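What follows is the content of start.txt (compact mmCIF, C-alpha atoms).
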```txt
# COMPACT_ATOMS: atom_id res chain seq x y z
CA MET O 52 -24.13 20.83 -3.36
CA PHE O 53 -23.81 22.84 -6.55
CA SER O 54 -26.53 22.83 -9.20
CA PHE O 55 -24.36 21.66 -12.10
CA PHE O 56 -24.07 18.25 -10.41
CA ARG O 57 -27.80 17.85 -10.89
CA LYS O 58 -27.64 18.04 -14.69
CA LYS O 59 -28.60 14.91 -16.58
CA THR O 60 -25.46 15.05 -18.69
CA PRO O 61 -22.02 15.53 -17.06
CA GLU O 62 -19.77 18.33 -18.17
CA VAL O 63 -16.77 17.08 -20.11
CA VAL O 64 -14.10 19.73 -20.33
CA ALA O 65 -11.73 19.63 -23.28
CA THR O 66 -8.31 20.72 -22.09
CA PRO O 67 -5.28 22.01 -23.99
CA ALA O 68 -1.93 20.32 -23.39
CA ALA O 69 -0.20 21.51 -20.25
CA SER O 70 3.49 21.61 -19.40
CA GLU O 71 4.83 20.79 -15.96
CA THR O 72 5.71 24.42 -15.38
CA THR O 73 2.13 25.70 -15.88
CA ASN O 74 1.29 28.11 -13.05
CA THR O 75 -2.24 29.18 -13.93
CA ALA O 76 -5.43 27.23 -14.52
CA HIS O 77 -6.29 26.39 -18.12
CA GLN O 78 -9.26 28.11 -19.68
CA SER O 79 -11.33 25.12 -20.71
CA SER O 80 -14.42 24.97 -22.86
CA GLN O 81 -17.26 22.72 -21.81
CA ILE O 82 -18.53 20.30 -24.42
CA GLU O 83 -21.04 17.51 -24.47
CA SER O 84 -19.43 14.31 -25.69
CA ALA O 85 -21.22 11.88 -27.97
CA ALA O 86 -19.43 9.07 -26.19
CA ALA O 87 -21.09 10.07 -22.95
CA THR O 88 -24.60 10.11 -24.39
CA ALA O 89 -24.37 6.89 -26.33
CA GLN O 90 -23.86 4.82 -23.24
CA VAL O 91 -25.31 1.64 -24.72
CA GLU O 92 -22.34 1.42 -27.05
CA VAL O 93 -19.71 1.80 -24.32
CA PRO O 94 -18.44 -1.19 -22.34
CA VAL O 95 -18.93 -0.30 -18.70
CA GLU O 96 -17.48 -2.29 -15.83
CA ILE O 97 -19.52 -0.55 -13.13
CA PRO O 98 -22.89 -2.30 -12.76
CA VAL O 99 -26.21 -0.52 -12.65
CA GLU O 100 -27.97 -0.82 -9.32
CA THR O 101 -30.80 -3.36 -9.53
CA LYS O 102 -34.25 -1.90 -9.16
CA ALA O 103 -36.67 -3.30 -6.64
CA GLY O 104 -38.60 -6.20 -8.08
CA ASP O 105 -36.17 -6.76 -10.93
CA LYS O 106 -35.99 -10.48 -11.67
CA SER O 107 -32.27 -10.17 -12.30
CA GLU O 108 -31.64 -9.16 -8.69
CA SER O 109 -29.15 -11.64 -7.29
CA THR O 110 -29.23 -13.20 -3.85
CA PRO O 111 -25.71 -11.99 -2.81
CA ALA O 112 -26.84 -8.36 -3.18
CA LYS O 113 -29.41 -9.00 -0.41
CA LEU O 114 -26.82 -10.28 2.04
CA SER O 115 -25.39 -8.08 4.77
CA TRP O 116 -21.87 -6.74 4.37
CA ILE O 117 -20.54 -9.20 6.98
CA ALA O 118 -22.17 -12.11 5.17
CA ARG O 119 -20.72 -11.01 1.82
CA LEU O 120 -17.29 -10.56 3.39
CA LYS O 121 -17.39 -14.06 4.88
CA GLN O 122 -18.58 -15.43 1.58
CA GLY O 123 -15.80 -13.68 -0.30
CA LEU O 124 -13.07 -14.89 2.05
CA ALA O 125 -14.47 -18.42 2.34
CA LYS O 126 -11.61 -20.05 0.40
CA THR O 127 -8.93 -18.44 2.54
CA SER O 128 -10.93 -19.09 5.69
CA SER O 129 -11.46 -22.76 4.88
CA SER O 130 -7.75 -23.45 4.49
CA LEU O 131 -7.10 -21.99 7.94
CA THR O 132 -10.06 -23.01 10.07
CA THR O 133 -10.17 -26.68 9.04
CA LEU O 134 -6.76 -27.14 10.65
CA PHE O 135 -8.25 -26.69 14.11
CA VAL O 136 -11.05 -29.24 13.77
CA GLY O 137 -10.22 -32.02 16.23
CA ALA O 138 -6.54 -31.11 16.08
CA LYS O 139 -3.91 -31.75 18.71
CA ILE O 140 -1.68 -28.88 19.78
CA ASP O 141 1.67 -30.13 18.55
CA ASP O 142 4.37 -29.41 16.00
CA ASP O 143 2.25 -30.92 13.23
CA LEU O 144 -0.47 -28.33 13.86
CA TYR O 145 2.05 -25.50 13.74
CA ASP O 146 3.59 -26.88 10.53
CA GLU O 147 0.19 -27.12 8.87
CA LEU O 148 -0.71 -23.63 10.03
CA GLU O 149 2.55 -22.28 8.64
CA ALA O 150 1.85 -23.89 5.28
CA ALA O 151 -1.72 -22.55 5.25
CA LEU O 152 -0.61 -18.99 6.04
CA LEU O 153 2.05 -19.06 3.34
CA THR O 154 -0.44 -20.48 0.84
CA ALA O 155 -2.80 -17.62 1.72
CA ASP O 156 0.07 -15.25 0.85
CA ALA O 157 0.56 -13.91 4.36
CA GLY O 158 4.27 -13.85 3.55
CA VAL O 159 7.22 -15.30 5.43
CA GLU O 160 7.72 -12.35 7.79
CA ALA O 161 4.09 -12.12 8.91
CA THR O 162 3.74 -15.91 9.10
CA MET O 163 6.74 -16.32 11.39
CA HIS O 164 5.60 -13.35 13.48
CA LEU O 165 2.19 -14.96 14.02
CA LEU O 166 3.56 -18.44 14.69
CA ASP O 167 6.24 -17.32 17.14
CA ASN O 168 3.76 -15.26 19.13
CA LEU O 169 1.14 -18.00 18.97
CA LYS O 170 3.52 -20.59 20.42
CA ARG O 171 4.48 -18.17 23.17
CA LYS O 172 0.83 -17.41 23.92
CA VAL O 173 -0.10 -21.10 24.04
CA LYS O 174 2.71 -21.77 26.50
CA GLU O 175 2.10 -18.75 28.73
CA GLU O 176 -1.66 -19.20 28.90
CA LYS O 177 -1.44 -23.01 29.07
CA LEU O 178 -3.90 -23.50 26.22
CA THR O 179 -4.93 -27.12 25.68
CA GLU O 180 -7.82 -26.99 23.20
CA ALA O 181 -7.59 -26.38 19.46
CA GLU O 182 -10.40 -23.81 19.61
CA GLN O 183 -8.43 -21.89 22.23
CA VAL O 184 -5.45 -21.79 19.89
CA LYS O 185 -7.68 -20.59 17.07
CA ALA O 186 -9.03 -17.83 19.31
CA ALA O 187 -5.47 -16.86 20.26
CA LEU O 188 -4.55 -16.67 16.57
CA LYS O 189 -7.50 -14.35 15.96
CA VAL O 190 -6.25 -12.00 18.67
CA LEU O 191 -2.74 -11.95 17.20
CA LEU O 192 -4.01 -11.41 13.66
CA LEU O 193 -6.23 -8.57 14.85
CA ASP O 194 -3.27 -6.92 16.59
CA LEU O 195 -1.31 -7.18 13.34
CA LEU O 196 -4.05 -5.78 11.10
CA LYS O 197 -5.43 -3.10 13.42
CA PRO O 198 -2.84 -0.45 12.39
CA LEU O 199 -4.14 -0.71 8.80
CA GLN O 200 -7.59 0.46 9.86
CA LYS O 201 -7.94 4.19 9.39
CA PRO O 202 -11.14 6.05 8.55
CA PHE O 203 -11.22 8.04 5.33
CA GLU O 204 -12.17 11.56 6.37
CA LEU O 205 -14.02 13.91 4.08
CA GLY O 206 -14.12 17.68 4.44
CA ARG O 207 -10.50 18.08 5.49
CA TYR O 208 -9.58 20.17 2.46
CA GLN O 209 -11.44 22.24 -0.09
CA PRO O 210 -11.18 20.49 -2.42
CA LEU O 211 -9.86 17.13 -1.28
CA VAL O 212 -7.73 15.91 -4.19
CA MET O 213 -7.27 12.17 -4.63
CA MET O 214 -4.83 10.61 -7.08
CA ILE O 215 -5.66 6.98 -7.87
CA ALA O 216 -2.92 4.64 -9.15
CA GLY O 217 -2.46 0.94 -9.81
CA VAL O 218 -1.45 -1.72 -12.29
CA ASN O 219 -3.54 -2.69 -15.30
CA GLY O 220 -6.72 -4.54 -14.39
CA ALA O 221 -6.71 -3.70 -10.68
CA GLY O 222 -10.09 -2.01 -11.00
CA LYS O 223 -9.11 1.65 -10.63
CA THR O 224 -11.79 3.18 -12.83
CA THR O 225 -14.54 0.98 -11.42
CA THR O 226 -13.42 1.78 -7.87
CA ILE O 227 -13.41 5.51 -8.62
CA GLY O 228 -17.00 5.21 -9.79
CA LYS O 229 -18.02 3.40 -6.61
CA LEU O 230 -16.24 5.94 -4.40
CA ALA O 231 -17.87 8.82 -6.26
CA LYS O 232 -21.27 7.23 -5.71
CA HIS O 233 -20.61 6.85 -1.97
CA MET O 234 -19.36 10.43 -1.68
CA HIS O 235 -22.31 11.74 -3.66
CA ALA O 236 -24.60 9.94 -1.21
CA HIS O 237 -22.82 11.76 1.64
CA ASN O 238 -23.58 15.17 0.10
CA GLN O 239 -20.08 15.60 -1.31
CA SER O 240 -19.80 17.21 -4.73
CA VAL O 241 -17.32 15.36 -6.92
CA VAL O 242 -15.36 15.99 -10.09
CA LEU O 243 -13.64 13.12 -11.91
CA ALA O 244 -10.52 13.50 -14.04
CA ALA O 245 -10.22 10.96 -16.86
CA GLY O 246 -6.44 10.77 -16.63
CA ASP O 247 -6.18 7.31 -18.19
CA THR O 248 -5.48 8.49 -21.73
CA PHE O 249 -3.99 5.14 -22.79
CA ARG O 250 -6.89 2.70 -22.39
CA ALA O 251 -9.49 3.27 -25.08
CA ALA O 252 -12.58 2.67 -22.95
CA ALA O 253 -11.39 4.37 -19.76
CA ARG O 254 -12.50 7.88 -20.71
CA GLU O 255 -15.86 6.70 -22.02
CA GLN O 256 -16.38 4.54 -18.93
CA LEU O 257 -15.97 7.49 -16.57
CA MET O 258 -18.16 9.69 -18.76
CA VAL O 259 -21.01 7.17 -18.79
CA TRP O 260 -20.67 6.85 -15.02
CA GLY O 261 -20.76 10.62 -14.67
CA GLU O 262 -23.88 10.90 -16.81
CA ARG O 263 -25.74 8.31 -14.77
CA ASN O 264 -24.89 10.01 -11.48
CA ASN O 265 -24.79 13.70 -12.41
CA ILE O 266 -21.07 13.95 -11.74
CA THR O 267 -18.75 16.24 -13.70
CA VAL O 268 -16.03 14.55 -15.74
CA ILE O 269 -12.95 16.41 -16.97
CA ALA O 270 -11.48 14.78 -20.07
CA GLN O 271 -9.73 15.36 -23.36
CA GLU O 272 -9.50 13.26 -26.50
CA SER O 273 -5.81 12.52 -26.05
CA GLY O 274 -2.62 14.06 -24.77
CA ASP O 275 -0.93 14.69 -21.45
CA PRO O 276 -2.74 13.13 -18.46
CA ALA O 277 -1.08 15.73 -16.23
CA ALA O 278 -3.03 18.41 -18.11
CA VAL O 279 -6.29 16.64 -17.35
CA ALA O 280 -5.36 16.37 -13.68
CA PHE O 281 -4.36 20.04 -13.52
CA ASP O 282 -7.63 21.19 -15.06
CA ALA O 283 -9.69 18.97 -12.77
CA VAL O 284 -8.09 20.59 -9.73
CA ALA O 285 -8.58 24.06 -11.21
CA SER O 286 -12.23 23.26 -11.93
CA ALA O 287 -12.80 21.94 -8.41
CA LYS O 288 -11.23 25.05 -6.86
CA ALA O 289 -13.17 27.45 -9.05
CA ARG O 290 -16.52 25.79 -8.44
CA GLY O 291 -16.10 24.92 -4.77
CA THR O 292 -16.30 21.19 -5.43
CA ASN O 293 -15.65 19.02 -2.38
CA VAL O 294 -13.65 16.19 -3.95
CA ALA O 295 -11.53 15.84 -7.11
CA MET O 296 -10.54 12.30 -8.06
CA VAL O 297 -7.85 11.76 -10.68
CA ASP O 298 -7.84 8.47 -12.56
CA THR O 299 -4.49 7.35 -14.01
CA ALA O 300 -3.49 4.73 -16.56
CA GLY O 301 -2.51 1.31 -15.29
CA ARG O 302 1.19 0.53 -15.30
CA LEU O 303 3.63 -2.02 -13.95
CA PRO O 304 6.23 -0.92 -11.39
CA THR O 305 8.92 -2.16 -13.79
CA GLN O 306 7.83 0.35 -16.46
CA LEU O 307 10.12 3.06 -15.17
CA HIS O 308 9.16 5.70 -17.75
CA LEU O 309 5.50 5.29 -16.82
CA MET O 310 6.32 5.48 -13.12
CA GLU O 311 8.12 8.76 -13.86
CA GLU O 312 4.96 9.96 -15.58
CA LEU O 313 3.02 9.28 -12.37
CA LYS O 314 5.51 11.39 -10.45
CA LYS O 315 5.00 14.18 -12.98
CA ILE O 316 1.21 14.01 -12.61
CA LYS O 317 1.57 14.33 -8.86
CA ARG O 318 3.90 17.34 -9.22
CA VAL O 319 1.56 19.07 -11.68
CA ILE O 320 -1.40 18.55 -9.34
CA GLY O 321 0.70 20.25 -6.66
CA LYS O 322 1.16 23.25 -8.95
CA GLY O 323 -2.60 23.50 -9.26
CA MET O 324 -3.10 23.47 -5.48
CA ASP O 325 -0.58 23.69 -2.67
CA GLY O 326 -0.35 20.44 -0.74
CA ALA O 327 -2.32 18.45 -3.31
CA PRO O 328 -2.92 15.64 -3.85
CA GLN O 329 -3.71 15.09 -0.19
CA GLU O 330 -4.52 11.45 -0.87
CA VAL O 331 -2.45 9.17 -3.12
CA VAL O 332 -4.24 5.83 -3.18
CA LEU O 333 -3.12 2.55 -4.71
CA VAL O 334 -5.81 0.13 -5.92
CA ILE O 335 -4.73 -3.51 -5.62
CA ASP O 336 -6.29 -6.67 -7.00
CA GLY O 337 -6.62 -8.97 -3.97
CA ASN O 338 -6.04 -12.03 -6.15
CA THR O 339 -2.44 -11.07 -6.92
CA GLY O 340 -1.17 -12.30 -3.56
CA GLN O 341 2.47 -11.57 -2.80
CA ASN O 342 2.75 -9.55 -6.00
CA ALA O 343 0.50 -7.02 -4.29
CA LEU O 344 3.22 -6.41 -1.73
CA THR O 345 5.70 -5.75 -4.53
CA GLN O 346 3.28 -3.22 -6.00
CA VAL O 347 2.81 -1.48 -2.66
CA LYS O 348 6.55 -1.11 -2.16
CA ALA O 349 7.20 0.20 -5.68
CA PHE O 350 4.31 2.68 -5.81
CA ASP O 351 4.98 3.85 -2.26
CA ASP O 352 8.63 4.52 -3.07
CA ALA O 353 7.58 6.52 -6.13
CA LEU O 354 4.55 8.40 -4.81
CA GLN O 355 4.53 8.17 -0.99
CA LEU O 356 1.15 6.46 -0.76
CA THR O 357 -1.37 7.59 1.83
CA GLY O 358 -3.76 4.66 1.50
CA LEU O 359 -4.73 1.41 -0.20
CA ILE O 360 -7.92 -0.05 -1.65
CA ILE O 361 -7.97 -3.85 -1.96
CA THR O 362 -10.43 -5.07 -4.60
CA LYS O 363 -11.64 -8.47 -5.82
CA LEU O 364 -11.30 -10.25 -2.49
CA ASP O 365 -14.40 -12.28 -3.29
CA GLY O 366 -13.48 -15.89 -3.99
CA THR O 367 -9.77 -15.41 -3.41
CA ALA O 368 -7.58 -17.89 -1.56
CA LYS O 369 -4.99 -15.15 -1.02
CA GLY O 370 -6.71 -13.08 1.67
CA GLY O 371 -3.64 -13.33 3.86
CA VAL O 372 -1.89 -10.67 1.79
CA LEU O 373 -3.15 -7.99 4.18
CA ALA O 374 -1.04 -9.58 6.89
CA ALA O 375 2.01 -9.32 4.63
CA ILE O 376 1.27 -5.65 3.97
CA ALA O 377 0.72 -4.96 7.66
CA LYS O 378 4.05 -6.48 8.62
CA THR O 379 6.18 -5.12 5.78
CA ARG O 380 4.63 -1.81 4.62
CA PRO O 381 1.74 -0.85 6.97
CA ILE O 382 -0.03 1.69 4.79
CA PRO O 383 -3.69 2.30 5.77
CA VAL O 384 -6.29 0.23 3.93
CA TYR O 385 -9.20 2.58 3.38
CA PHE O 386 -11.56 0.23 1.57
CA ILE O 387 -11.90 -3.41 0.54
CA GLY O 388 -14.10 -4.87 -2.18
CA VAL O 389 -15.77 -8.27 -2.38
CA GLY O 390 -17.93 -7.92 -5.48
CA GLU O 391 -19.17 -5.85 -8.40
CA GLN O 392 -22.02 -4.00 -6.71
CA ILE O 393 -21.68 -0.51 -5.26
CA GLU O 394 -22.32 -1.82 -1.75
CA ASP O 395 -19.56 -4.42 -2.14
CA LEU O 396 -16.94 -1.72 -1.54
CA GLN O 397 -16.81 -0.83 2.16
CA ALA O 398 -14.43 0.69 4.70
CA PHE O 399 -11.84 -1.76 6.00
CA ASN O 400 -12.55 -2.96 9.53
CA ALA O 401 -9.87 -5.19 11.04
CA GLN O 402 -12.23 -6.97 13.44
CA GLU O 403 -14.71 -7.80 10.68
CA PHE O 404 -11.92 -9.02 8.42
CA VAL O 405 -10.40 -11.29 11.08
CA ASP O 406 -13.82 -12.68 12.03
CA ALA O 407 -14.47 -13.52 8.38
CA LEU O 408 -11.01 -15.03 7.92
CA LEU O 409 -11.15 -17.23 11.02
CA GLN O 410 -14.84 -18.10 11.20
```
Please go through the file and, once you have read it, give me the structure as structure tokens.
Amino acid sequence: MFSFFRKKTPEVVATPAASETTNTAHQSSQIESAAATAQVEVPVEIPVETKAGDKSESTPAKLSWIARLKQGLAKTSSSLTTLFVGAKIDDDLYDELEAALLTADAGVEATMHLLDNLKRKVKEEKLTEAEQVKAALKVLLLDLLKPLQKPFELGRYQPLVMMIAGVNGAGKTTTIGKLAKHMHAHNQSVVLAAGDTFRAAAREQLMVWGERNNITVIAQESGDPAAVAFDAVASAKARGTNVAMVDTAGRLPTQLHLMEELKKIKRVIGKGMDGAPQEVVLVIDGNTGQNALTQVKAFDDALQLTGLIITKLDGTAKGGVLAAIAKTRPIPVYFIGVGEQIEDLQAFNAQEFVDALLQ
């Protein structure tokens, strides 16, 4: 851990504009930003951890991760599990299950895969009880989702460079803050690049987060986000920082010029460090359902994604979208989120997810 991460105020590095052909690190001056110090005036999406004894402490924050996951997926779970209560194993049950899976946005391909294998399993194992069929479905769903489970390993590179992408409102900046907090807790030094130069509050949001957690933030008032990314990588290399996370502006896959900008950012990061970014992660709003699959395909085609983070799964009726992703574009899901608190973002575990989905 390096001492400058212990400062009360994060370092905000003002960077000059950089072209794609830049081959050397920018010489950046460190400045203290007024926006970072006046945190009460900045809208921040990342919540402050509740202190012990605070009357505002909510009950959900006291629940275990498994309990919060089950609570978050309750709507999706209810539509699936109620089918098996006192049900007969017949075509009507399969039809209702098909409708429930499609409603949960499991997608046609994953739904038919699960149903076909379930019917075969029921026949081969001579299952006669609805609870047995439910248990068989859990096994099949676990087999489908298991390939998505992959641990996120720290310490593989020095620094590990992460590029974070996603559509508007997916929760990229908030997720970056949560990840930085987790990494900081695991003795990993972190630098954040405020590469979202389009959204007015994005830069200030990261800076306030950095100030609260003694994390360096690389930013500039406006200009080329690729320059910010380049300088963040250069800073991380020069200072021996463990992890550099690059925030990017939200964009729709149909905005081709903005998708090209993402490709440019990735190329410029590569000029700052060979092989970087080692992680290109897409943040997805779990409430978007089948549209999430469209996003995965588009961003993967453009950036060759290495992982996914699914946010806002709390209260959604579309939790089946992970099955659609697993069947169509099985990119590892590193983390899932079921709430606003720091602890509500956890590593994806297929067994836990299936248990919560089919309680």
**Request:** Mind giving me the straight-line distance from CA of Ser273 (chain O) to CA of Thr248 (chain O) in Å, one decimal?
**Result:** 5.9 Å
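For the pair CA of Lys197 (chain O) and CA of Pro383 (chain O), the interatomic distance is 9.5 Å.
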Report as a PDB file with C-alpha atoms, keeping the file's coordinate frame all protein, DNA and RNA residues lying within 7 Å of region 363-378 of chain O, evaluated on only C-alpha atoms, omitting residues in the same chain fewer than 4 positions from it.
```pdb
ATOM      1  CA  GLY O 123     -15.800 -13.680  -0.300  1.00  0.00           C
ATOM      2  CA  LEU O 124     -13.070 -14.890   2.050  1.00  0.00           C
ATOM      3  CA  ALA O 125     -14.470 -18.420   2.340  1.00  0.00           C
ATOM      4  CA  LYS O 126     -11.610 -20.050   0.400  1.00  0.00           C
ATOM      5  CA  THR O 127      -8.930 -18.440   2.540  1.00  0.00           C
ATOM      6  CA  LEU O 152      -0.610 -18.990   6.040  1.00  0.00           C
ATOM      7  CA  ALA O 155      -2.800 -17.620   1.720  1.00  0.00           C
ATOM      8  CA  ASP O 156       0.070 -15.250   0.850  1.00  0.00           C
ATOM      9  CA  ALA O 157       0.560 -13.910   4.360  1.00  0.00           C
ATOM     10  CA  GLY O 158       4.270 -13.850   3.550  1.00  0.00           C
ATOM     11  CA  GLU O 160       7.720 -12.350   7.790  1.00  0.00           C
ATOM     12  CA  ALA O 161       4.090 -12.120   8.910  1.00  0.00           C
ATOM     13  CA  LEU O 195      -1.310  -7.180  13.340  1.00  0.00           C
ATOM     14  CA  LEU O 196      -4.050  -5.780  11.100  1.00  0.00           C
ATOM     15  CA  LEU O 199      -4.140  -0.710   8.800  1.00  0.00           C
ATOM     16  CA  ASP O 336      -6.290  -6.670  -7.000  1.00  0.00           C
ATOM     17  CA  GLY O 337      -6.620  -8.970  -3.970  1.00  0.00           C
ATOM     18  CA  ASN O 338      -6.040 -12.030  -6.150  1.00  0.00           C
ATOM     19  CA  GLY O 340      -1.170 -12.300  -3.560  1.00  0.00           C
ATOM     20  CA  GLN O 341       2.470 -11.570  -2.800  1.00  0.00           C
ATOM     21  CA  LEU O 344       3.220  -6.410  -1.730  1.00  0.00           C
ATOM     22  CA  GLY O 388     -14.100  -4.870  -2.180  1.00  0.00           C
ATOM     23  CA  VAL O 389     -15.770  -8.270  -2.380  1.00  0.00           C
ATOM     24  CA  GLY O 390     -17.930  -7.920  -5.480  1.00  0.00           C
TER      25      GLY O 390
END
```
**Request:** Skip Ala300 (chain O) itself and residues of its chain fewer than 2 positions away, then list as a VMD selection string all residues within 12 Å of it, counting only C-alpha atoms.
**Result:** chain O and resid 214 to 224 244 to 254 275 to 277 297 to 298 302 to 303 309 to 310 312 to 313 316 334
Include C-alpha atoms and write out the residues we just selected as a CSV table (one decimal), in the frame of the given file.
```csv
chain,number,residue,atom,x,y,z
O,214,MET,CA,-4.8,10.6,-7.1
O,215,ILE,CA,-5.7,7.0,-7.9
O,216,ALA,CA,-2.9,4.6,-9.2
O,217,GLY,CA,-2.5,0.9,-9.8
O,218,VAL,CA,-1.4,-1.7,-12.3
O,219,ASN,CA,-3.5,-2.7,-15.3
O,220,GLY,CA,-6.7,-4.5,-14.4
O,221,ALA,CA,-6.7,-3.7,-10.7
O,222,GLY,CA,-10.1,-2.0,-11.0
O,223,LYS,CA,-9.1,1.6,-10.6
O,224,THR,CA,-11.8,3.2,-12.8
O,244,ALA,CA,-10.5,13.5,-14.0
O,245,ALA,CA,-10.2,11.0,-16.9
O,246,GLY,CA,-6.4,10.8,-16.6
O,247,ASP,CA,-6.2,7.3,-18.2
O,248,THR,CA,-5.5,8.5,-21.7
O,249,PHE,CA,-4.0,5.1,-22.8
O,250,ARG,CA,-6.9,2.7,-22.4
O,251,ALA,CA,-9.5,3.3,-25.1
O,252,ALA,CA,-12.6,2.7,-23.0
O,253,ALA,CA,-11.4,4.4,-19.8
O,254,ARG,CA,-12.5,7.9,-20.7
O,275,ASP,CA,-0.9,14.7,-21.4
O,276,PRO,CA,-2.7,13.1,-18.5
O,277,ALA,CA,-1.1,15.7,-16.2
O,297,VAL,CA,-7.8,11.8,-10.7
O,298,ASP,CA,-7.8,8.5,-12.6
O,302,ARG,CA,1.2,0.5,-15.3
O,303,LEU,CA,3.6,-2.0,-14.0
O,309,LEU,CA,5.5,5.3,-16.8
O,310,MET,CA,6.3,5.5,-13.1
O,312,GLU,CA,5.0,10.0,-15.6
O,313,LEU,CA,3.0,9.3,-12.4
O,316,ILE,CA,1.2,14.0,-12.6
O,334,VAL,CA,-5.8,0.1,-5.9
```
Could you write out as AutoDock Vina command-line options the box around region 168-183 of chain O (axis-aligned, all atoms listed in the file, 8 Å on each side), with centre and edge lengths in Å to one decimal?
```
--center_x -3.0 --center_y -21.2 --center_z 24.0 --size_x 30.9 --size_y 27.9 --size_z 26.1
```
**Request:** Please determine the residues with any atom at most 12 Å from (-11.8, -0.3, 2.3) (coordinates as given in the file, with all atoms listed in the file counting) and report them as a ChimeraX atom specification.
**Result:** /O:120,199-203,226,229-230,332-335,337,358-364,373,383-389,394-401,403-404
**Message:** Just checking: using all atoms listed in the file, which residue out of O:Ile117, O:Val242, O:Leu193, O:Ala343 ends up closest to Met213 (chain O)?
**Reply:** O:Val242
